[in-house]
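Peer 1: File coords04.cif below, mmCIF, C-alpha atoms and all ligand atoms:
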data_my_file
loop_
_atom_site.label_atom_id
_atom_site.label_comp_id
_atom_site.auth_asym_id
_atom_site.auth_seq_id
_atom_site.Cartn_x
_atom_site.Cartn_y
_atom_site.Cartn_z
CA MET A 1 142.18 105.19 101.53
CA ARG A 2 141.64 102.51 98.92
CA GLY A 3 138.23 100.98 98.40
CA THR A 4 135.81 99.37 95.98
CA LEU A 5 133.28 101.12 93.76
CA ILE A 6 130.71 99.49 91.52
CA HIS A 7 130.49 101.61 88.36
CA ALA A 8 128.03 99.51 86.34
CA PRO A 9 126.92 95.87 86.08
CA GLY A 10 130.05 93.74 85.81
CA ASP A 11 132.28 96.76 86.47
CA ILE A 12 133.97 96.61 89.90
CA ARG A 13 136.95 98.90 90.45
CA PHE A 14 139.39 99.21 93.34
CA GLY A 15 141.21 102.46 93.90
CA GLN A 16 141.50 105.71 95.81
CA VAL A 17 138.25 106.80 97.55
CA PRO A 18 137.56 109.39 100.30
CA ASP A 19 138.46 108.37 103.86
CA PRO A 20 135.36 107.70 105.98
CA GLU A 21 134.88 110.23 108.77
CA ILE A 22 132.97 110.43 112.03
CA VAL A 23 129.74 112.18 111.00
CA GLU A 24 127.55 111.57 114.05
CA PRO A 25 128.87 111.38 117.63
CA THR A 26 127.53 107.78 117.72
CA ASP A 27 129.72 106.63 114.79
CA ALA A 28 132.85 104.49 114.83
CA ILE A 29 135.46 104.01 112.12
CA VAL A 30 136.60 100.40 111.74
CA ARG A 31 139.86 99.39 110.08
CA ILE A 32 138.88 96.30 108.07
CA ALA A 33 140.77 93.08 108.92
CA ALA A 34 138.74 90.98 106.48
CA THR A 35 135.71 91.45 104.24
CA CYS A 36 134.02 89.45 101.50
CA VAL A 37 131.55 89.41 98.63
CA CYS A 38 127.92 88.60 99.49
CA GLY A 39 125.49 86.76 97.25
CA SER A 40 123.35 89.91 97.41
CA ASP A 41 126.26 92.00 96.00
CA LEU A 42 125.81 89.93 92.84
CA TRP A 43 122.34 91.43 92.20
CA PRO A 44 123.68 94.87 91.14
CA TYR A 45 126.73 93.16 89.60
CA ARG A 46 124.38 91.19 87.35
CA GLY A 47 122.31 94.27 86.51
CA ALA A 48 119.25 93.35 88.59
CA SER A 49 119.28 96.71 90.43
CA PRO A 50 120.12 100.07 88.82
CA ILE A 51 123.44 101.88 89.43
CA ALA A 52 123.00 105.62 88.79
CA GLU A 53 126.60 106.55 89.59
CA PRO A 54 129.71 104.80 90.95
CA ARG A 55 129.06 103.84 94.54
CA PRO A 56 130.79 101.99 97.40
CA ILE A 57 129.78 98.37 97.98
CA GLY A 58 130.19 95.58 100.55
CA HIS A 59 128.49 95.06 103.92
CA GLU A 60 130.37 92.26 105.69
CA TYR A 61 133.24 93.19 107.97
CA VAL A 62 135.44 92.45 110.96
CA GLY A 63 138.28 94.62 112.13
CA HIS A 64 139.74 96.95 114.69
CA VAL A 65 138.10 100.10 115.97
CA GLU A 66 140.16 103.00 114.60
CA SER A 67 138.28 105.92 116.17
CA VAL A 68 134.95 106.65 117.84
CA GLY A 69 132.56 109.59 118.14
CA SER A 70 132.14 111.47 121.41
CA GLU A 71 129.00 109.56 122.47
CA VAL A 72 130.30 106.04 121.84
CA ALA A 73 130.71 104.20 125.15
CA SER A 74 130.82 100.45 124.49
CA VAL A 75 133.83 100.14 122.16
CA GLN A 76 137.21 101.86 122.03
CA PRO A 77 140.05 102.17 119.56
CA GLY A 78 142.13 99.01 119.20
CA GLN A 79 139.36 96.54 120.03
CA PHE A 80 138.46 93.80 117.55
CA VAL A 81 134.80 94.05 116.57
CA ILE A 82 132.12 92.41 114.47
CA GLY A 83 128.90 94.11 113.44
CA SER A 84 125.77 93.41 111.49
CA PHE A 85 125.24 94.70 107.95
CA PHE A 86 122.48 96.90 109.38
CA ALA A 87 123.41 99.30 112.15
CA SER A 88 120.74 99.46 114.86
CA ASP A 89 120.27 101.35 118.13
CA ASN A 90 119.69 98.06 120.01
CA THR A 91 117.63 99.95 122.61
CA CYS A 92 114.16 100.36 121.05
CA PRO A 93 111.25 97.90 121.51
CA ILE A 94 111.84 96.37 118.05
CA CYS A 95 115.49 95.68 118.87
CA HIS A 96 114.55 94.32 122.28
CA ALA A 97 112.13 91.95 120.53
CA GLY A 98 115.10 90.64 118.54
CA TYR A 99 114.49 92.33 115.17
CA GLN A 100 117.41 94.77 114.95
CA THR A 101 117.28 94.75 111.14
CA SER A 102 113.83 96.38 111.42
CA CYS A 103 115.01 98.99 113.96
CA PRO A 104 113.36 102.35 113.12
CA ASN A 105 116.87 103.87 113.27
CA ARG A 106 118.56 101.22 111.15
CA GLN A 107 121.20 102.21 108.59
CA LEU A 108 122.98 100.00 106.09
CA VAL A 109 126.70 99.61 106.80
CA ASN A 110 127.96 100.00 103.25
CA GLY A 111 131.36 100.32 101.62
CA CYS A 112 133.03 97.49 103.56
CA GLN A 113 135.14 96.29 100.62
CA ALA A 114 137.66 98.94 101.59
CA GLU A 115 140.43 99.65 104.08
CA TYR A 116 138.12 101.46 106.52
CA VAL A 117 134.36 101.76 107.03
CA ARG A 118 132.12 104.09 109.00
CA VAL A 119 129.74 102.20 111.30
CA PRO A 120 126.77 104.28 112.54
CA LEU A 121 125.19 103.60 115.96
CA ALA A 122 128.38 101.90 117.12
CA ASP A 123 127.11 101.12 120.61
CA GLY A 124 124.10 99.27 119.26
CA THR A 125 125.86 97.61 116.35
CA LEU A 126 129.41 96.50 117.18
CA VAL A 127 130.26 93.56 119.43
CA THR A 128 133.81 92.98 120.67
CA THR A 129 135.60 89.64 120.79
CA PRO A 130 136.92 88.53 124.22
CA ASP A 131 140.48 89.25 123.07
CA GLU A 132 142.53 89.75 119.90
CA PRO A 133 141.62 86.72 117.72
CA ASP A 134 144.17 84.42 116.12
CA ALA A 135 144.49 84.94 112.37
CA ASP A 136 142.98 81.54 111.62
CA MET A 137 139.78 82.44 113.49
CA ILE A 138 139.14 85.59 111.46
CA PRO A 139 137.26 83.80 108.62
CA ASP A 140 134.93 82.20 111.20
CA LEU A 141 134.29 85.57 112.84
CA LEU A 142 133.72 87.26 109.48
CA THR A 143 130.85 84.88 108.66
CA LEU A 144 129.03 86.11 111.76
CA SER A 145 128.67 89.55 110.16
CA ASP A 146 126.17 88.13 107.68
CA VAL A 147 126.10 84.57 106.30
CA MET A 148 126.37 82.58 109.53
CA GLY A 149 124.07 85.03 111.32
CA THR A 150 121.61 84.67 108.45
CA GLY A 151 121.82 80.87 108.46
CA TRP A 152 121.28 80.98 112.21
CA PHE A 153 118.22 83.18 111.80
CA ALA A 154 116.87 80.73 109.20
CA ALA A 155 116.98 77.99 111.84
CA VAL A 156 115.61 80.19 114.65
CA ALA A 157 112.80 81.61 112.48
CA ALA A 158 111.72 78.07 111.56
CA GLU A 159 111.85 77.21 115.30
CA VAL A 160 114.33 74.35 114.94
CA LYS A 161 114.37 72.34 118.16
CA PRO A 162 116.30 69.25 119.33
CA GLY A 163 115.20 66.08 117.56
CA MET A 164 113.51 67.79 114.62
CA THR A 165 113.78 66.96 110.95
CA VAL A 166 115.01 69.93 108.91
CA ALA A 167 115.34 70.51 105.16
CA VAL A 168 117.52 73.30 103.76
CA VAL A 169 116.75 74.66 100.30
CA GLY A 170 119.79 76.37 98.75
CA ASP A 171 123.48 75.43 98.85
CA GLY A 172 125.05 78.89 98.79
CA ALA A 173 127.06 80.08 101.77
CA VAL A 174 123.87 80.95 103.70
CA GLY A 175 122.27 77.56 103.02
CA LEU A 176 125.43 75.80 104.18
CA CYS A 177 125.51 77.93 107.34
CA ALA A 178 121.83 77.09 107.88
CA VAL A 179 122.75 73.39 107.87
CA LEU A 180 125.37 74.09 110.55
CA ALA A 181 122.87 76.15 112.57
CA ALA A 182 120.20 73.44 112.42
CA ARG A 183 122.64 70.83 113.70
CA GLU A 184 123.96 73.14 116.40
CA LEU A 185 120.37 73.72 117.57
CA GLY A 186 119.90 69.97 117.91
CA ALA A 187 118.12 68.83 114.74
CA ALA A 188 118.24 65.03 114.45
CA GLN A 189 118.02 64.97 110.66
CA VAL A 190 119.21 67.72 108.30
CA ILE A 191 118.45 67.27 104.62
CA ALA A 192 120.57 69.52 102.39
CA MET A 193 119.26 70.12 98.88
CA SER A 194 122.29 70.51 96.62
CA ARG A 195 123.49 69.27 93.26
CA HIS A 196 127.09 70.55 93.42
CA SER A 197 129.58 68.10 94.89
CA PRO A 198 131.94 70.58 96.67
CA ARG A 199 128.86 72.10 98.35
CA GLN A 200 127.46 68.66 99.23
CA LYS A 201 130.79 67.84 100.87
CA LEU A 202 130.74 71.01 102.94
CA ALA A 203 127.08 70.45 103.87
CA THR A 204 128.04 67.00 105.15
CA GLU A 205 130.95 68.47 107.13
CA PHE A 206 128.49 70.96 108.61
CA GLY A 207 126.23 68.12 109.78
CA ALA A 208 123.83 67.30 106.93
CA THR A 209 122.57 63.73 107.35
CA ASP A 210 121.06 63.46 103.86
CA ILE A 211 121.68 65.11 100.50
CA VAL A 212 118.88 65.58 97.98
CA THR A 213 120.08 66.42 94.47
CA GLU A 214 116.65 66.61 92.81
CA ARG A 215 114.75 69.88 92.48
CA GLY A 216 111.09 70.79 92.08
CA ASP A 217 108.51 67.98 92.45
CA GLU A 218 111.20 65.31 92.50
CA GLY A 219 113.06 67.11 95.27
CA VAL A 220 109.88 67.38 97.32
CA GLU A 221 109.21 63.66 96.84
CA ARG A 222 112.73 62.79 98.02
CA VAL A 223 112.30 64.90 101.18
CA LYS A 224 109.00 63.13 101.88
CA GLU A 225 110.61 59.71 101.40
CA LEU A 226 113.21 60.69 103.98
CA THR A 227 110.59 61.93 106.49
CA HIS A 228 108.09 59.02 106.66
CA GLY A 229 106.05 60.51 103.82
CA LEU A 230 105.14 63.63 105.81
CA GLY A 231 107.66 66.38 105.05
CA ALA A 232 110.17 68.08 107.34
CA ASP A 233 109.27 69.75 110.65
CA ALA A 234 111.19 72.84 109.55
CA VAL A 235 112.27 73.99 106.10
CA LEU A 236 114.89 76.73 105.70
CA GLU A 237 114.59 78.55 102.35
CA CYS A 238 117.92 80.24 101.56
CA VAL A 239 117.56 81.28 97.91
CA GLY A 240 114.69 83.70 97.30
CA THR A 241 113.24 82.53 94.00
CA ASP A 242 109.66 81.46 93.28
CA GLN A 243 110.78 77.91 92.55
CA SER A 244 112.79 77.56 95.76
CA MET A 245 109.96 79.01 97.87
CA HIS A 246 107.40 76.58 96.43
CA GLN A 247 109.86 73.73 96.93
CA ALA A 248 110.30 74.80 100.57
CA VAL A 249 106.57 75.07 101.32
CA ARG A 250 105.83 71.71 99.72
CA SER A 251 108.71 70.03 101.60
CA ALA A 252 107.28 70.99 105.01
CA ARG A 253 104.94 68.72 106.95
CA PRO A 254 101.43 69.96 107.78
CA GLY A 255 101.76 72.38 110.68
CA GLY A 256 105.48 72.79 110.01
CA ASN A 257 107.50 75.99 109.72
CA VAL A 258 109.15 77.55 106.71
CA SER A 259 111.71 80.33 107.10
CA PHE A 260 112.97 82.45 104.20
CA VAL A 261 116.14 84.51 104.36
CA GLY A 262 117.08 85.06 100.71
CA VAL A 263 115.94 88.41 99.31
CA PRO A 264 112.75 87.43 97.39
CA HIS A 265 112.79 87.98 93.64
CA GLY A 266 109.48 87.33 91.89
CA VAL A 267 108.03 85.06 94.59
CA ASN A 268 104.26 84.42 94.61
CA LEU A 269 103.17 82.81 97.86
CA PRO A 270 100.87 79.77 97.48
CA ILE A 271 98.37 81.03 100.03
CA THR A 272 95.78 78.30 99.38
CA GLU A 273 98.41 75.63 100.00
CA LEU A 274 99.52 77.43 103.17
CA PHE A 275 95.89 77.56 104.36
CA ALA A 276 95.32 73.88 103.65
CA THR A 277 98.46 72.72 105.45
CA HIS A 278 98.72 75.01 108.51
CA ILE A 279 102.28 75.84 107.50
CA ALA A 280 103.74 78.94 109.19
CA LEU A 281 106.17 81.35 107.53
CA ARG A 282 108.71 83.74 108.97
CA GLY A 283 111.59 85.44 107.20
CA GLY A 284 113.35 88.67 106.45
CA PRO A 285 116.76 90.28 106.66
CA ALA A 286 118.42 88.41 109.51
CA PRO A 287 118.72 90.31 112.80
CA VAL A 288 122.36 89.27 113.00
CA ARG A 289 123.03 91.64 115.92
CA ALA A 290 120.73 89.56 118.15
CA PHE A 291 122.89 86.47 117.67
CA LEU A 292 126.38 88.00 117.71
CA PRO A 293 127.29 87.51 121.40
CA ASP A 294 126.19 83.86 121.34
CA LEU A 295 127.79 83.10 117.96
CA ILE A 296 131.08 84.81 118.89
CA ASP A 297 131.12 82.63 122.01
CA ARG A 298 130.51 79.46 119.97
CA VAL A 299 133.33 80.34 117.53
CA TRP A 300 135.67 81.39 120.33
CA HIS A 301 135.24 78.04 122.09
CA GLY A 302 135.49 75.98 118.90
CA ALA A 303 131.88 74.74 118.84
CA ILE A 304 131.44 75.99 115.27
CA ALA A 305 133.92 76.87 112.51
CA PRO A 306 131.81 78.31 109.69
CA GLY A 307 134.81 80.01 108.04
CA THR A 308 135.23 77.01 105.72
CA VAL A 309 132.47 78.53 103.52
CA PHE A 310 135.30 80.71 102.20
CA ASP A 311 136.86 78.50 99.55
CA ARG A 312 139.05 81.28 98.16
CA THR A 313 141.03 84.18 99.65
CA LEU A 314 142.24 87.13 97.61
CA PRO A 315 143.96 90.43 98.38
CA LEU A 316 141.39 93.22 98.50
CA ASP A 317 142.84 94.90 95.40
CA GLN A 318 141.72 91.83 93.42
CA VAL A 319 138.09 92.39 94.43
CA ALA A 320 136.95 92.38 90.78
CA ASP A 321 138.25 88.81 90.45
CA ALA A 322 136.30 87.85 93.57
CA TYR A 323 133.04 89.04 91.99
CA ARG A 324 133.84 87.20 88.76
CA ALA A 325 134.61 83.94 90.59
CA MET A 326 131.36 84.08 92.56
CA ASP A 327 129.29 85.20 89.57
CA GLU A 328 130.61 82.23 87.58
CA ARG A 329 130.12 79.92 90.58
CA GLN A 330 133.82 79.02 90.59
CA ALA A 331 133.86 79.92 94.28
CA ILE A 332 131.24 79.56 97.02
CA LYS A 333 132.44 82.69 98.82
CA VAL A 334 135.61 84.77 98.53
CA LEU A 335 137.35 86.34 101.52
CA LEU A 336 139.18 89.62 100.85
CA GLN A 337 142.19 90.83 102.83
CA PRO A 338 143.17 94.52 102.79
ZN ZN B 1 116.16 99.63 117.50
#
Turn this file's structure into structure tokens for me.
Peer 2:
Amino acid sequence: MRGTLIHAPGDIRFGQVPDPEIVEPTDAIVRIAATCVCGSDLWPYRGASPIAEPRPIGHEYVGHVESVGSEVASVQPGQFVIGSFFASDNTCPICHAGYQTSCPNRQLVNGCQAEYVRVPLADGTLVTTPDEPDADMIPDLLTLSDVMGTGWFAAVAAEVKPGMTVAVVGDGAVGLCAVLAARELGAAQVIAMSRHSPRQKLATEFGATDIVTERGDEGVERVKELTHGLGADAVLECVGTDQSMHQAVRSARPGGNVSFVGVPHGVNLPITELFATHIALRGGPAPVRAFLPDLIDRVWHGAIAPGTVFDRTLPLDQVADAYRAMDERQAIKVLLQP
């Protein structure tokens, strides 16, 4: 088959790679209908994590089941499926508690920027759609594999409830999906922190009631002005830097919740400030699998349409251009079609 390998920072190549095969009887092979580039794929692309040898990349996927191992019972060839970027058994106590991305048996589903991908633990990982989706729904469904599921977790982890005030730090695809999630969960006020006008526009379409363009101390002051001087009930941190984390903590009201779903890079938690303000934290790699049935249902019935985070679509063989566009912030998120 044809697939994507990252050879070195800035060096993405598309070409002939080995076909994935059923290795374990619990595996499935999925024929990719659509995939995309994740913000976290940009870390190795930018040289932030070492690349010893050329390796497959990509972890967001929707498509049709091509074949299944002998022990797979819940999906069959031909069905349209969505899965999380981490495969999980979905049967252990950690999965039952709703933390499938911390499943002791978890495995990264990697190499999705290709024509086919091997998905381990298919029964615990893949969720079918009610029927074959229309082509125009595929971008919405693809977001559920990571970004929308992660934005949803940001809102759930910060315990967003109807009527709350919510601030979202970060205007990447996850931050924008977090705005949508907060509104869908009933937040009365959603403050999106963004200084880029196309992203502000999308945040507003997704239900943001206020846009704050300032960062740092000024951004915190603006959030307080918008929340009776107190700070937001829930703050959703969707970046992962030290600056964004401090901005999130300081934008929350005393006793409020801060969630963090961006992979942390060089973050030092202000523990004294957390102690003084009773602010609670919860974050981590989003347990997307926990939300898939509900989110598929919401997309299927038109309640949410998060696929508009894809502002560019390219054929899969132009994957290197997709990385470049996202690296240079010319695109929010690029959808790739095999
Ligand atoms: Zn598990």
Peer 1: Which residues of chain A sit at most 12 Å from ligand ZN 1 (chain B), using only C-alpha atoms and all ligand atoms? Give each one's shortest atom pair and distance in Å (one decimal place), in chain and ascending residue order, as a tab-separated table.
Peer 2:
residue	atom	partner	partner_atom	distance
A:Phe86	CA	B:ZN1	ZN	10.6
A:Ala87	CA	B:ZN1	ZN	9.0
A:Ser88	CA	B:ZN1	ZN	5.3
A:Asp89	CA	B:ZN1	ZN	4.5
A:Asn90	CA	B:ZN1	ZN	4.6
A:Thr91	CA	B:ZN1	ZN	5.3
A:Cys92	CA	B:ZN1	ZN	4.1
A:Pro93	CA	B:ZN1	ZN	6.6
A:Ile94	CA	B:ZN1	ZN	5.4
A:Cys95	CA	B:ZN1	ZN	4.2
A:His96	CA	B:ZN1	ZN	7.3
A:Ala97	CA	B:ZN1	ZN	9.2
A:Gly98	CA	B:ZN1	ZN	9.1
A:Tyr99	CA	B:ZN1	ZN	7.8
A:Gln100	CA	B:ZN1	ZN	5.6
A:Thr101	CA	B:ZN1	ZN	8.1
A:Ser102	CA	B:ZN1	ZN	7.3
A:Cys103	CA	B:ZN1	ZN	3.8
A:Pro104	CA	B:ZN1	ZN	5.9
A:Asn105	CA	B:ZN1	ZN	6.0
A:Arg106	CA	B:ZN1	ZN	7.0
A:Gln107	CA	B:ZN1	ZN	10.6
A:Leu121	CA	B:ZN1	ZN	10.0
A:Asp123	CA	B:ZN1	ZN	11.5
A:Gly124	CA	B:ZN1	ZN	8.1
A:Thr125	CA	B:ZN1	ZN	10.0
A:Pro287	CA	B:ZN1	ZN	10.7
A:Arg289	CA	B:ZN1	ZN	10.7
A:Ala290	CA	B:ZN1	ZN	11.1
Peer 1: Kindly indicate which residue among A:Val309, A:Ala303, A:Ala48, A:Val17 lies nearest to Gly266 in chain A, using only C-alpha atoms for the distances.
Peer 2: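 Counting only C-alpha atoms, the residue closest to Gly266 in chain A is A:Ala48.
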Peer 1: How would you write as a PDB file with C-alpha atoms, in the coordinates of the input the residues that get within 8 Å of (121.4, 70.4, 96.3) in the file's frame, counting all atoms listed in the file?
Peer 2:
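Dumped everything to part.pdb:
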ATOM      1  CA  VAL A 169     116.750  74.660 100.300  1.00  0.00           C
ATOM      2  CA  GLY A 170     119.790  76.370  98.750  1.00  0.00           C
ATOM      3  CA  ASP A 171     123.480  75.430  98.850  1.00  0.00           C
ATOM      4  CA  ALA A 192     120.570  69.520 102.390  1.00  0.00           C
ATOM      5  CA  MET A 193     119.260  70.120  98.880  1.00  0.00           C
ATOM      6  CA  SER A 194     122.290  70.510  96.620  1.00  0.00           C
ATOM      7  CA  ARG A 195     123.490  69.270  93.260  1.00  0.00           C
ATOM      8  CA  HIS A 196     127.090  70.550  93.420  1.00  0.00           C
ATOM      9  CA  ARG A 199     128.860  72.100  98.350  1.00  0.00           C
ATOM     10  CA  GLN A 200     127.460  68.660  99.230  1.00  0.00           C
ATOM     11  CA  ILE A 211     121.680  65.110 100.500  1.00  0.00           C
ATOM     12  CA  VAL A 212     118.880  65.580  97.980  1.00  0.00           C
ATOM     13  CA  THR A 213     120.080  66.420  94.470  1.00  0.00           C
ATOM     14  CA  GLU A 214     116.650  66.610  92.810  1.00  0.00           C
ATOM     15  CA  ARG A 215     114.750  69.880  92.480  1.00  0.00           C
TER      16      ARG A 215
END
Peer 1: Return as JSON the box centre and box size in Å, one decimal, for an axis-aligned box around all listed atoms of range 255-269 of chain A padded by 3 Å per side.
Peer 2:
{"center_x": 109.4, "center_y": 80.4, "center_z": 101.3, "size_x": 21.3, "size_y": 22.0, "size_z": 24.8}
Peer 1: Excluding Gly240 in chain A and any residue of its chain fewer than 4 positions from it, enumerate the residues within 9 Å of it, using all atoms listed in the file, and give them as JSON, numbers by chain.
Peer 2: {"A": [244, 245, 260, 261, 262, 263, 264, 265, 266, 267]}
Peer 1: Can you write just those residues out, C-alpha atoms, as a compact mmCIF listing (two decimals), keeping the file's coordinate frame?
Peer 2:
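Output contents, as saved in out23.txt:
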# COMPACT_ATOMS: atom_id res chain seq x y z
CA SER A 244 112.79 77.56 95.76
CA MET A 245 109.96 79.01 97.87
CA PHE A 260 112.97 82.45 104.20
CA VAL A 261 116.14 84.51 104.36
CA GLY A 262 117.08 85.06 100.71
CA VAL A 263 115.94 88.41 99.31
CA PRO A 264 112.75 87.43 97.39
CA HIS A 265 112.79 87.98 93.64
CA GLY A 266 109.48 87.33 91.89
CA VAL A 267 108.03 85.06 94.59
Peer 1: Can you tell me which residues surround Glu184 in chain A at a distance of at most 10 Å, considering only C-alpha atoms, apart from same-chain residues fewer than 3 positions away, and format the answer as a short mmCIF file (atom, residue, chain, number, x, y, z; two decimals) with C-alpha atoms, in the frame of the given file?
Peer 2:
data_model
loop_
_atom_site.label_atom_id
_atom_site.label_comp_id
_atom_site.auth_asym_id
_atom_site.auth_seq_id
_atom_site.Cartn_x
_atom_site.Cartn_y
_atom_site.Cartn_z
CA TRP A 152 121.28 80.98 112.21
CA ALA A 155 116.98 77.99 111.84
CA VAL A 160 114.33 74.35 114.94
CA LYS A 161 114.37 72.34 118.16
CA PRO A 162 116.30 69.25 119.33
CA ALA A 178 121.83 77.09 107.88
CA VAL A 179 122.75 73.39 107.87
CA LEU A 180 125.37 74.09 110.55
CA ALA A 181 122.87 76.15 112.57
CA ALA A 187 118.12 68.83 114.74
CA PHE A 206 128.49 70.96 108.61
CA GLY A 207 126.23 68.12 109.78
CA ARG A 298 130.51 79.46 119.97
CA ALA A 303 131.88 74.74 118.84
CA ILE A 304 131.44 75.99 115.27
#
Peer 1: Please measure the separation of CA of Thr313 in chain A and CA of Leu335 in chain A, giving the value in Å to one decimal.
Peer 2: 4.7 Å
Peer 1: Have a look at A:Ser40, A:Thr129, A:Ser259, A:Thr26 and name the one nearest to Val72 in chain A; count all atoms listed in the file.
Peer 2: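 Ranking A:Ser40, A:Thr129, A:Ser259, A:Thr26 by distance to Val72 in chain A, first place goes to A:Thr26.
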